[in-house]
Amino acid sequence: MTDIYLNSKYVGTVDNPSHFVGEVKDLRRKGSISEDISIYHDLAAQEVHLHSDEGRAHRPLIIIKEGKPLLSEKHLKQLEEGEITWHDLIRQGVIEYLDAAEEENALVASSEEELSPEYTHMEISPGSICGITTSLVPFGNYNQSSRLIIGSKNQKQALGFYAANFHLRMDMDSNLLHYPQFPIVKTKIHDITEYSQHPSGQNMIVAVMSYDGYNMEDGVILGKASVERGLSRSTYFRPVETQELRYSGGLIDEVSIPDKEVKGYRSEHDYRFLESDGILYPEAKVNEGDVVIGKTSPPRFLSSMDEYNLAAATRRESSINLKHGEKGVADFVVLTENEEGNKLVQVRLRDERIPEIGDKFTSRHGQKGVVGILVPPQDLPFSESGITPDLIFTPHGVSSRMTVSHLIELVGGKVGALAGRYVDGTLFEAEKEEDLRKQLSGLGFQEDGTEVFYDGRTGKKMMARIFVGNMYYLRLRHMVANKMQARARGPIQLLTRQPTEGKAKEGGLRLGEMEKDTFIAHGASLLLKERFDSDKVVIPVCEKSGLMGYYDARKGRAVSPLYGENSEMSHIEMSYAFKLLLDEIRTLGIYPRLHLKSKY
Amino acid sequence: MKADHEKTVEEYADRLSPSVLQEVKDQLPASISKSDLTKVMETVVTAHENAKVNPGECVGLVSAQSIGEPGTQMTLNTFHFAGVSEMNVTTGLPRIIEIFDARKDIKTPMMEIFLKEPYNNDIDKLKKFAAKIKETTFGELASEYSLNIFDQVLKVTLNKTLLADYDLSTKELAKVIKAKAKGFSVESSDDDLTLAKTGKTQELKDLYNLKEKIKELKITGTKGIKQVLPVKRGEEYIVLTSGTNLKDILALPEVDEVRTTTNDIYEIYETLGVEAAREAIIREVFKVIEAQGLNIDVRHIMLVADIMCATGVVKGVTRYGVVKEKASVLARASFETPIKHLINAALEGEVDYLTSVVENVMINQPVPVGTGLPGLVTKMK
């Protein structure tokens with residue numbers, strides 16, 4: 001007696017569970033019941049679970065009968081000639097989908113060689129244990145799994161040709177790689193997913209060597225000539241958007257060049273890019289602070305407006321201008337309506353991003369690095385045949401991470417580039433390393449991929465042969481241009497008068513608690529004080545009451561809150577945060593009295 | 001040593017500490033000439049001066065950093081098996097935290113008992129001693145309980161082999177229980193005990209409570225010693241225990257009271273005093289650091305131990321312990337529970353003299369440490 005559950009609900013019992021399970025499976029394979037239904041026999045609990053609900057991930061497998069796959073050569077031929085499709089194979093019961101529960105009852109072979117009668121299913125490809133992005137790593141089976149994960153994560157951040165209609169789209173924060181290329185070392189997944197239609201990297205000549213240490217600690221070195229010829233150049237699109245909001249009383253925002261009467265009018269110079277419709281003209285080069293869309297809003301607090309206050313009746317300036325550190329060229333303008341039918345203006349700014357020091361690059365093997373220097377062509381190391389690398393990668397990145405696939409791709413890419421073909425690096429089914437080496441030596445190169453190199457600066461032959469070849473390198477979306485920030489003085493917070501935080505607010509870099517401790521440990525206490533001077537204030541303190549007073553400009557002297565003018569007031573330097581603390585202590589009902597003493 | 005040499009050395013008494021002087025005296029060759037001796041003494045003085053910490057050096061913070069930085073590398077692997085899997089000891093960061101917080105209930109209390117001459121090299125005598133100190137409760141000896149609620153009779157069947165191991169008889173057990181089981185009569189037979197209610201039955205629960213009570217009853221051994229483990233340490237045998245009771249163990253005649261110790265700092269403080277507790281803190285922390293393969297100068301730990309014991313009581317580095325001792329209100333408020341500290345300070349009318357680091361950082365004044373320490377002396381006209 002075995003219990004039967006349908007979607008985890010008890011429905012009845014059967015006496016011969018294995019027969020029942022077999023029957024259900026047959027029905028499914030025949031197509032009498034849906035292919036999505038799964039059946040799982042829990043032998044230990046003596047239960048059979050049928051599932052037909054949503055939310056179960058399932059995957060296709062080839063059915064094995066008596067040690068032989070049901071998928072025959074005939075099927076493959078028919079598939080190739082287009083006589084049958086994938087769905088025909090499912091309908092014929094050659095391939096079926098298993099979910100996680102039913103997999104517990106299955107024994108899945110990963111290749112035809114290991115088949116024996118006890119197997120029930122076979123993988124369509126041994127590489128199907130990996131997902132799509134992971135399968136895009138060539139020679140992935142030579143790697144540690146963690147590196148594969150990093151490699152696939154990096155590929156998601158790569159710049160590329162993300163959509164063919166990019167020129168019509170208003171994406172937030174999008175990048176477009178110029179001249180994207182299809183990788184020389186590819187996998188089958190590249191073909192299946194039509195990667196050639198949306199590639200996201202370029203084939204570069206990579207030398208594995210050091211160059212004055214500019215690529216140490218995961219750095220990469222780029223050839224300046226390559227970059228100037230367009231290597232990894234990209235465009236960053238930044239949308240600027242505004243809408244005409246409606247306010248009570250039939251008032252509405254207006255997109256236009258603001259009148260000079262408008263409250264908060266900047267200056268004519270600030271509106272110089274705007275055309276008569278209030279939007280900047282195409283191909284206008286705008287920098288930080290420049291107005292992109294001119295806009296005015298109705299006056300605030302309409303109710304408090306009275307006849308004595310005519311100024312309040314004027315409209316407010318509410319133009320959209322570029323924030324700190326932003327720049328771009330007006331690329332595309334859209335005028336449309338939002339859901340409420342109000343005018344919506346979108347402007348897309350384009351900014352060409354030429355690779356520079358600090359930009360991030362990666363191969364497909366989790367070997368990411370940051371550009372350390374751009375080397376002029378005459379200083380780059382060159383091979384006997386005069387080849388200079390586009391990118392110099394450090395050998396120290398390989399030893400601890402053990403990304404063997406990175407090295408094999410380099411050889412594979414070299415073979416592909418020299419022989420004028422693509423090299424297959426599909427997971428578990430890649431071209432053999434031995435074969436690649438043989439072909440490389442057949443092409444007249446060292447079979448290990450090394451070449452004699454000369455230092456471009458001295459012309460001297462290098463002491464070691466350099467491992468050089470072609471690799472598919474990706475430019476990642478983290479660019480210094482978006483992140484770089486420095487501040488000497490700038491905006492402060494209203495409450496504490498300390499510098500603001502974060503790049504968007506032009507903030508300072510905090511000297512934290514532990515950093516403070518290092519100053520103390522060195523005994524540099526006067527330097528520490530200077531560091532913390534950012535919110536320094538001088539406050540008049542009453543010597544009688546020990547309370548903070550204020551400066552009365554009319555009387556021309558400081559006044560005590562308790563004794564008024566009948567007390568000596570001393571000007572005391574302290575941090576504004578401490579003044580705030582004293583105020584807050586007073587809110588507790590505690591009287592913080594400052595005892596003043598001459599410092600000297 | 002010659003008398004005039006002695007005199008020369010003694011001349012340095014105001015510049016060198018007595019322990020250094022003694023060390024010099026012990027190591028001087030007898031044949032040394034007077035001029036050489038002065039040279040030696042001058043070298044010692046310069047070396048001693050160089051070893052001194054500069055005035056204004058922020059010793060506490062440097063100690064905190066010196067302990068804190070390697071602390072980040074410490075594994076969180078809590079337990080370390082002291083040879084045998086039955087005995088495990090808290091090590092690593094959890095142990096360090098335990099010590100610095102001066103916890104009274106430590107996770108794995110443990111003793112190292114050294115024995116005197118005949119016992120420490122005779123394994124049989126040692127084993128006998130170990131069995132003697134191990135705390136055995138009645139519950140461990142009993143194999144079966146049967147409660148008769150109607151007659152209010154509790155019958156306990158005892159484990160005979162265990163009894164033989166501990167060299168006990170049922171009669172002896174009955175005697176011990178009698179003292180505890182008031183209102184019950186105790187009768188013993190060969191391998192079981194019968195407890196019957198003598199007076200009137202008031203509560204049905206009485207019988208059950210009695211059972212639970214006698215289960216916890218100590219029959220033999222020292223209270224708190226839950227496990228014993230004889231091990232060889234160098235040339236002799238010692239006893240490791242889990243559970244600790246320093247006071248009672250030290251009272252036993254077999255025990256070498258000089259070397260025997262526990263890892264429970266609070267217990268050391270109670271039985272031997274603060275100075276011993278200070279030593280214990282240093283030793284226990286250093287043990288952990290060494291086991292982790294880290295390299296921290298003992299003097300940093302000594303400083304922490306000194307601060308913990310400075311008041312004559314062991315205080316943890318917590319807001320209830322060392323931090324509470326801070327003179328500055330602002331410094332205490334900046335650590336934890338600021339409002340509580342401020343209000344209490346206000347109630348007492350406390351004055352903050354701004355003599356330490358934190359409070360000066362708060363009000364943006366030079367901290368009285370390093371370059372902030374020296375002041376200028378001028379005559380004001």
# chains A, B, ... in the order shown; residues from 1 in each chain; ligands from 1

call {"tool": "residues_around", "arguments": {"residues": "stretch 350-361 of chain B", "least_positions_apart": "6", "cutoff": "10 Å", "atoms": "only C-alpha atoms", "output": "PyMOL selection string"}}
result
(chain A and resi 516-517+520+525+528-529+532+574-575+578+592-595) or (chain B and resi 58+326-335+342+344+367-369)

call {"tool": "select_by_dssp", "arguments": {"residues": "stretch 83-237 of chain B", "states": "strand (DSSP E)", "output": "ChimeraX atom specification"}}
result
/B:88-90,110-113,136-137,142-148,153-158,184-188,192-197,218-220,227-233,236-237

call {"tool": "closest_atom_pairs", "arguments": {"of": "chain B", "to": "chain A", "cutoff": "7 Å", "atoms": "only C-alpha atoms", "output": "CSV"}}
result
residue,atom,partner,partner_atom,distance
B:Glu57,CA,A:Gly523,CA,6.5
B:Cys58,CA,A:Ala521,CA,5.5
B:Leu61,CA,A:Ala521,CA,6.0
B:Val62,CA,A:Ala521,CA,5.7
B:Ala346,CA,A:Ile590,CA,6.3
B:Met362,CA,A:Phe578,CA,6.3
B:Ile363,CA,A:Met574,CA,5.3
B:Asn364,CA,A:Ser575,CA,5.3
B:Gln365,CA,A:Lys529,CA,6.1
B:Pro366,CA,A:Leu526,CA,5.4
B:Val367,CA,A:Ser525,CA,5.5
B:Val369,CA,A:Gly523,CA,5.7
B:Gly370,CA,A:Gly523,CA,3.7
B:Thr371,CA,A:Ser525,CA,5.7
B:Gly372,CA,A:Ser525,CA,5.2

call {"tool": "write_last_selection", "arguments": {"atoms": "all heavy atoms", "output": "short mmCIF file (atom, residue, chain, number, x, y, z; two decimals), in the first residue's frame"}}
result
data_model
loop_
_atom_site.label_atom_id
_atom_site.label_comp_id
_atom_site.auth_asym_id
_atom_site.auth_seq_id
_atom_site.Cartn_x
_atom_site.Cartn_y
_atom_site.Cartn_z
N GLU B 57 53.35 58.80 25.17
CA GLU B 57 53.08 57.68 24.27
C GLU B 57 51.72 57.09 24.65
O GLU B 57 51.45 56.85 25.82
CB GLU B 57 54.17 56.63 24.43
CG GLU B 57 54.03 55.42 23.56
CD GLU B 57 54.62 55.62 22.18
OE1 GLU B 57 55.76 56.10 22.08
OE2 GLU B 57 53.91 55.31 21.21
N CYS B 58 50.90 56.85 23.65
CA CYS B 58 49.55 56.39 23.95
C CYS B 58 49.54 54.87 24.10
O CYS B 58 49.17 54.13 23.19
CB CYS B 58 48.60 56.82 22.85
SG CYS B 58 46.90 56.74 23.35
N LEU B 61 46.13 52.67 23.72
CA LEU B 61 45.62 52.52 22.36
C LEU B 61 46.50 51.59 21.55
O LEU B 61 46.01 50.76 20.78
CB LEU B 61 45.53 53.89 21.70
CG LEU B 61 44.66 53.86 20.46
CD1 LEU B 61 43.22 53.82 20.87
CD2 LEU B 61 44.95 55.01 19.58
N VAL B 62 47.82 51.74 21.73
CA VAL B 62 48.73 50.85 21.01
C VAL B 62 48.47 49.40 21.42
O VAL B 62 48.47 48.50 20.59
CB VAL B 62 50.19 51.27 21.26
CG1 VAL B 62 51.15 50.26 20.68
CG2 VAL B 62 50.46 52.63 20.64
N ALA B 346 24.42 63.88 35.82
CA ALA B 346 23.72 65.11 36.21
C ALA B 346 23.21 65.01 37.64
O ALA B 346 23.29 65.97 38.41
CB ALA B 346 22.57 65.37 35.25
N MET B 362 35.82 64.87 21.05
CA MET B 362 34.44 65.29 20.90
C MET B 362 34.30 66.80 20.80
O MET B 362 33.52 67.30 20.02
CB MET B 362 33.60 64.81 22.10
CG MET B 362 33.20 63.38 22.01
SD MET B 362 32.47 62.86 23.54
CE MET B 362 30.78 63.32 23.29
N ILE B 363 35.03 67.53 21.62
CA ILE B 363 34.87 68.98 21.59
C ILE B 363 35.92 69.63 20.73
O ILE B 363 36.05 70.84 20.72
CB ILE B 363 34.89 69.59 23.01
CG1 ILE B 363 36.24 69.33 23.68
CG2 ILE B 363 33.77 69.05 23.84
CD1 ILE B 363 36.35 70.10 24.95
N ASN B 364 36.63 68.83 19.95
CA ASN B 364 37.61 69.34 19.00
C ASN B 364 38.70 70.16 19.68
O ASN B 364 38.88 71.34 19.42
CB ASN B 364 36.92 70.15 17.90
CG ASN B 364 37.84 70.36 16.72
OD1 ASN B 364 38.79 69.61 16.54
ND2 ASN B 364 37.56 71.37 15.93
N GLN B 365 39.38 69.51 20.58
CA GLN B 365 40.57 70.10 21.19
C GLN B 365 41.69 69.10 21.06
O GLN B 365 41.43 67.91 20.92
CB GLN B 365 40.31 70.38 22.67
CG GLN B 365 39.45 71.59 22.87
CD GLN B 365 39.53 72.11 24.28
OE1 GLN B 365 40.21 71.55 25.12
NE2 GLN B 365 38.83 73.18 24.53
N PRO B 366 42.93 69.56 21.12
CA PRO B 366 44.05 68.61 21.03
C PRO B 366 43.96 67.58 22.15
O PRO B 366 43.70 67.93 23.30
CB PRO B 366 45.30 69.48 21.20
CG PRO B 366 44.85 70.86 20.92
CD PRO B 366 43.41 70.94 21.25
N VAL B 367 44.14 66.32 21.81
CA VAL B 367 44.07 65.29 22.84
C VAL B 367 45.37 65.31 23.64
O VAL B 367 46.45 65.51 23.09
CB VAL B 367 43.84 63.89 22.23
CG1 VAL B 367 42.43 63.80 21.70
CG2 VAL B 367 44.82 63.58 21.16
N VAL B 369 47.92 63.79 24.51
CA VAL B 369 48.71 62.61 24.21
C VAL B 369 49.69 63.02 23.13
O VAL B 369 49.36 63.87 22.31
CB VAL B 369 47.76 61.49 23.72
CG1 VAL B 369 48.37 60.69 22.60
CG2 VAL B 369 47.34 60.58 24.85
N GLY B 370 50.91 62.50 23.15
CA GLY B 370 51.87 62.82 22.10
C GLY B 370 52.15 64.31 22.02
O GLY B 370 52.46 64.96 23.03
N THR B 371 51.97 64.89 20.83
CA THR B 371 52.27 66.31 20.65
C THR B 371 51.30 67.20 21.39
O THR B 371 51.56 68.38 21.58
CB THR B 371 52.22 66.69 19.16
OG1 THR B 371 50.96 66.28 18.64
CG2 THR B 371 53.33 66.03 18.39
N GLY B 372 50.17 66.65 21.82
CA GLY B 372 49.20 67.47 22.53
C GLY B 372 49.49 67.56 24.00
O GLY B 372 48.82 68.29 24.73
#

call {"tool": "residues_around", "arguments": {"residues": "A:Asp290", "least_positions_apart": "2", "cutoff": "12 Å", "atoms": "only C-alpha atoms", "output": "ChimeraX atom specification"}}
result
/A:266-274,279-280,284-288,292-294,319-330

call {"tool": "residues_around", "arguments": {"residues": "B:Ser66", "least_positions_apart": "2", "cutoff": "10 Å", "atoms": "only C-alpha atoms", "output": "list in words"}}
result
Gly60, Leu61, Val62, Ser63, Ala64, Gly68, Glu69, Pro70, Gly71, Asn295, Ile296, Asp297, His300 and Ile301 of chain B

call {"tool": "write_last_selection", "arguments": {"atoms": "N, CA, C and O atoms", "output": "PDB file, in the first residue's frame"}}
result
ATOM      1  N   GLY B  60      47.858  52.663  25.922  1.00  0.00           N
ATOM      2  CA  GLY B  60      46.623  51.885  25.924  1.00  0.00           C
ATOM      3  C   GLY B  60      46.111  51.635  24.534  1.00  0.00           C
ATOM      4  O   GLY B  60      45.734  50.508  24.201  1.00  0.00           O
ATOM      5  N   LEU B  61      46.130  52.669  23.716  1.00  0.00           N
ATOM      6  CA  LEU B  61      45.618  52.518  22.361  1.00  0.00           C
ATOM      7  C   LEU B  61      46.499  51.589  21.552  1.00  0.00           C
ATOM      8  O   LEU B  61      46.006  50.761  20.782  1.00  0.00           O
ATOM      9  N   VAL B  62      47.818  51.735  21.733  1.00  0.00           N
ATOM     10  CA  VAL B  62      48.728  50.853  21.008  1.00  0.00           C
ATOM     11  C   VAL B  62      48.468  49.403  21.421  1.00  0.00           C
ATOM     12  O   VAL B  62      48.466  48.502  20.585  1.00  0.00           O
ATOM     13  N   SER B  63      48.221  49.189  22.713  1.00  0.00           N
ATOM     14  CA  SER B  63      47.888  47.836  23.164  1.00  0.00           C
ATOM     15  C   SER B  63      46.609  47.354  22.514  1.00  0.00           C
ATOM     16  O   SER B  63      46.534  46.219  22.040  1.00  0.00           O
ATOM     17  N   ALA B  64      45.616  48.219  22.488  1.00  0.00           N
ATOM     18  CA  ALA B  64      44.331  47.839  21.900  1.00  0.00           C
ATOM     19  C   ALA B  64      44.505  47.466  20.447  1.00  0.00           C
ATOM     20  O   ALA B  64      43.961  46.449  19.988  1.00  0.00           O
ATOM     21  N   GLY B  68      43.964  43.953  18.901  1.00  0.00           N
ATOM     22  CA  GLY B  68      42.817  43.943  18.000  1.00  0.00           C
ATOM     23  C   GLY B  68      43.144  43.477  16.601  1.00  0.00           C
ATOM     24  O   GLY B  68      42.383  42.698  16.024  1.00  0.00           O
ATOM     25  N   GLU B  69      44.273  43.920  16.073  1.00  0.00           N
ATOM     26  CA  GLU B  69      44.561  43.572  14.678  1.00  0.00           C
ATOM     27  C   GLU B  69      44.756  42.072  14.500  1.00  0.00           C
ATOM     28  O   GLU B  69      44.115  41.477  13.657  1.00  0.00           O
ATOM     29  N   PRO B  70      45.659  41.415  15.292  1.00  0.00           N
ATOM     30  CA  PRO B  70      45.780  39.960  15.133  1.00  0.00           C
ATOM     31  C   PRO B  70      44.471  39.237  15.484  1.00  0.00           C
ATOM     32  O   PRO B  70      44.218  38.157  14.986  1.00  0.00           O
ATOM     33  N   GLY B  71      43.663  39.885  16.339  1.00  0.00           N
ATOM     34  CA  GLY B  71      42.389  39.276  16.716  1.00  0.00           C
ATOM     35  C   GLY B  71      41.479  39.029  15.531  1.00  0.00           C
ATOM     36  O   GLY B  71      40.703  38.082  15.534  1.00  0.00           O
ATOM     37  N   ASN B 295      51.377  36.473  17.213  1.00  0.00           N
ATOM     38  CA  ASN B 295      52.514  37.006  17.951  1.00  0.00           C
ATOM     39  C   ASN B 295      52.149  38.370  18.535  1.00  0.00           C
ATOM     40  O   ASN B 295      52.168  39.373  17.847  1.00  0.00           O
ATOM     41  N   ILE B 296      51.777  38.356  19.792  1.00  0.00           N
ATOM     42  CA  ILE B 296      51.446  39.604  20.477  1.00  0.00           C
ATOM     43  C   ILE B 296      52.356  39.720  21.682  1.00  0.00           C
ATOM     44  O   ILE B 296      52.525  38.757  22.428  1.00  0.00           O
ATOM     45  N   ASP B 297      52.934  40.896  21.874  1.00  0.00           N
ATOM     46  CA  ASP B 297      53.825  41.095  23.010  1.00  0.00           C
ATOM     47  C   ASP B 297      53.021  40.981  24.302  1.00  0.00           C
ATOM     48  O   ASP B 297      51.940  41.552  24.424  1.00  0.00           O
ATOM     49  N   HIS B 300      51.360  44.013  26.218  1.00  0.00           N
ATOM     50  CA  HIS B 300      50.042  44.557  25.873  1.00  0.00           C
ATOM     51  C   HIS B 300      48.964  43.883  26.720  1.00  0.00           C
ATOM     52  O   HIS B 300      48.063  44.539  27.246  1.00  0.00           O
ATOM     53  N   ILE B 301      49.097  42.567  26.837  1.00  0.00           N
ATOM     54  CA  ILE B 301      48.107  41.828  27.620  1.00  0.00           C
ATOM     55  C   ILE B 301      48.232  42.194  29.090  1.00  0.00           C
ATOM     56  O   ILE B 301      47.241  42.342  29.808  1.00  0.00           O
TER      57      ILE B 301
END

call {"tool": "closest_residue", "arguments": {"among": "A:His121, A:Gln243, A:Ala417, A:Tyr265", "to": "A:Asn338", "atoms": "only C-alpha atoms"}}
result
A:Gln243

call {"tool": "atom_distance", "arguments": {"atom1": "atom CA of A:Lys186", "atom2": "atom CA of A:Pro60"}}
result
23.8 Å

call {"tool": "residues_around", "arguments": {"residues": "stretch 245-260 of chain B", "least_positions_apart": "3", "cutoff": "8 Å", "atoms": "only C-alpha atoms", "output": "ChimeraX atom specification"}}
result
/B:111-116,119,222-225,267-268,271

call {"tool": "write_last_selection", "arguments": {"atoms": "C-alpha atoms", "output": "PDB file, in the first residue's frame"}}
result
ATOM      1  CA  MET B 111      41.426  22.392  36.046  1.00  0.00           C
ATOM      2  CA  GLU B 112      44.953  21.132  35.812  1.00  0.00           C
ATOM      3  CA  ILE B 113      45.744  19.267  38.998  1.00  0.00           C
ATOM      4  CA  PHE B 114      49.388  18.565  39.769  1.00  0.00           C
ATOM      5  CA  LEU B 115      50.097  16.017  42.481  1.00  0.00           C
ATOM      6  CA  LYS B 116      52.802  15.567  45.072  1.00  0.00           C
ATOM      7  CA  TYR B 119      51.067  10.225  43.358  1.00  0.00           C
ATOM      8  CA  THR B 222      34.450  17.181  44.921  1.00  0.00           C
ATOM      9  CA  LYS B 223      31.601  19.452  43.980  1.00  0.00           C
ATOM     10  CA  GLY B 224      31.841  20.784  40.451  1.00  0.00           C
ATOM     11  CA  ILE B 225      34.341  18.246  39.125  1.00  0.00           C
ATOM     12  CA  GLU B 267      37.495  31.460  41.002  1.00  0.00           C
ATOM     13  CA  ILE B 268      41.187  32.249  41.176  1.00  0.00           C
ATOM     14  CA  THR B 271      40.476  31.822  46.388  1.00  0.00           C
TER      15      THR B 271
END

call {"tool": "residues_around", "arguments": {"residues": "A:Val137", "least_positions_apart": "6", "cutoff": "12 Å", "atoms": "only C-alpha atoms", "output": "PyMOL selection string"}}
result
chain A and resi 127+130-131+143+145+147-156+183+185-190+363-367+403-406+408-409+424-428+430+471-473

call {"tool": "residues_around", "arguments": {"residues": "stretch 2-18 of chain A", "least_positions_apart": "3", "cutoff": "9 Å", "atoms": "only C-alpha atoms", "output": "list in words"}}
result
Val21, Gly22, Glu23, His41, Ala45, Gln46, Glu47, Val48, His49, Leu50, His51, Ser52 and Asp53 of chain A

call {"tool": "closest_residue", "arguments": {"among": "A:Val538, A:Glu429, A:Phe20, A:Ser545", "to": "A:Ser111", "atoms": "only C-alpha atoms"}}
result
A:Glu429

call {"tool": "select_by_dssp", "arguments": {"residues": "stretch 178-239 of chain B", "states": "alpha helix (DSSP H)", "output": "list in words"}}
result
Lys178, Ala179, Lys180, Lys205, Asp206, Leu207, Tyr208, Asn209, Leu210, Lys211, Glu212, Lys213, Ile214 and Lys215 of chain B

call {"tool": "atom_distance", "arguments": {"atom1": "atom CA of B:Lys324", "atom2": "atom CA of B:Gly312"}}
result
14.7 Å

call {"tool": "closest_residue", "arguments": {"among": "B:Val89, B:Val156, B:Met110, B:Ala3", "to": "B:Val288", "atoms": "only C-alpha atoms"}}
result
B:Val89
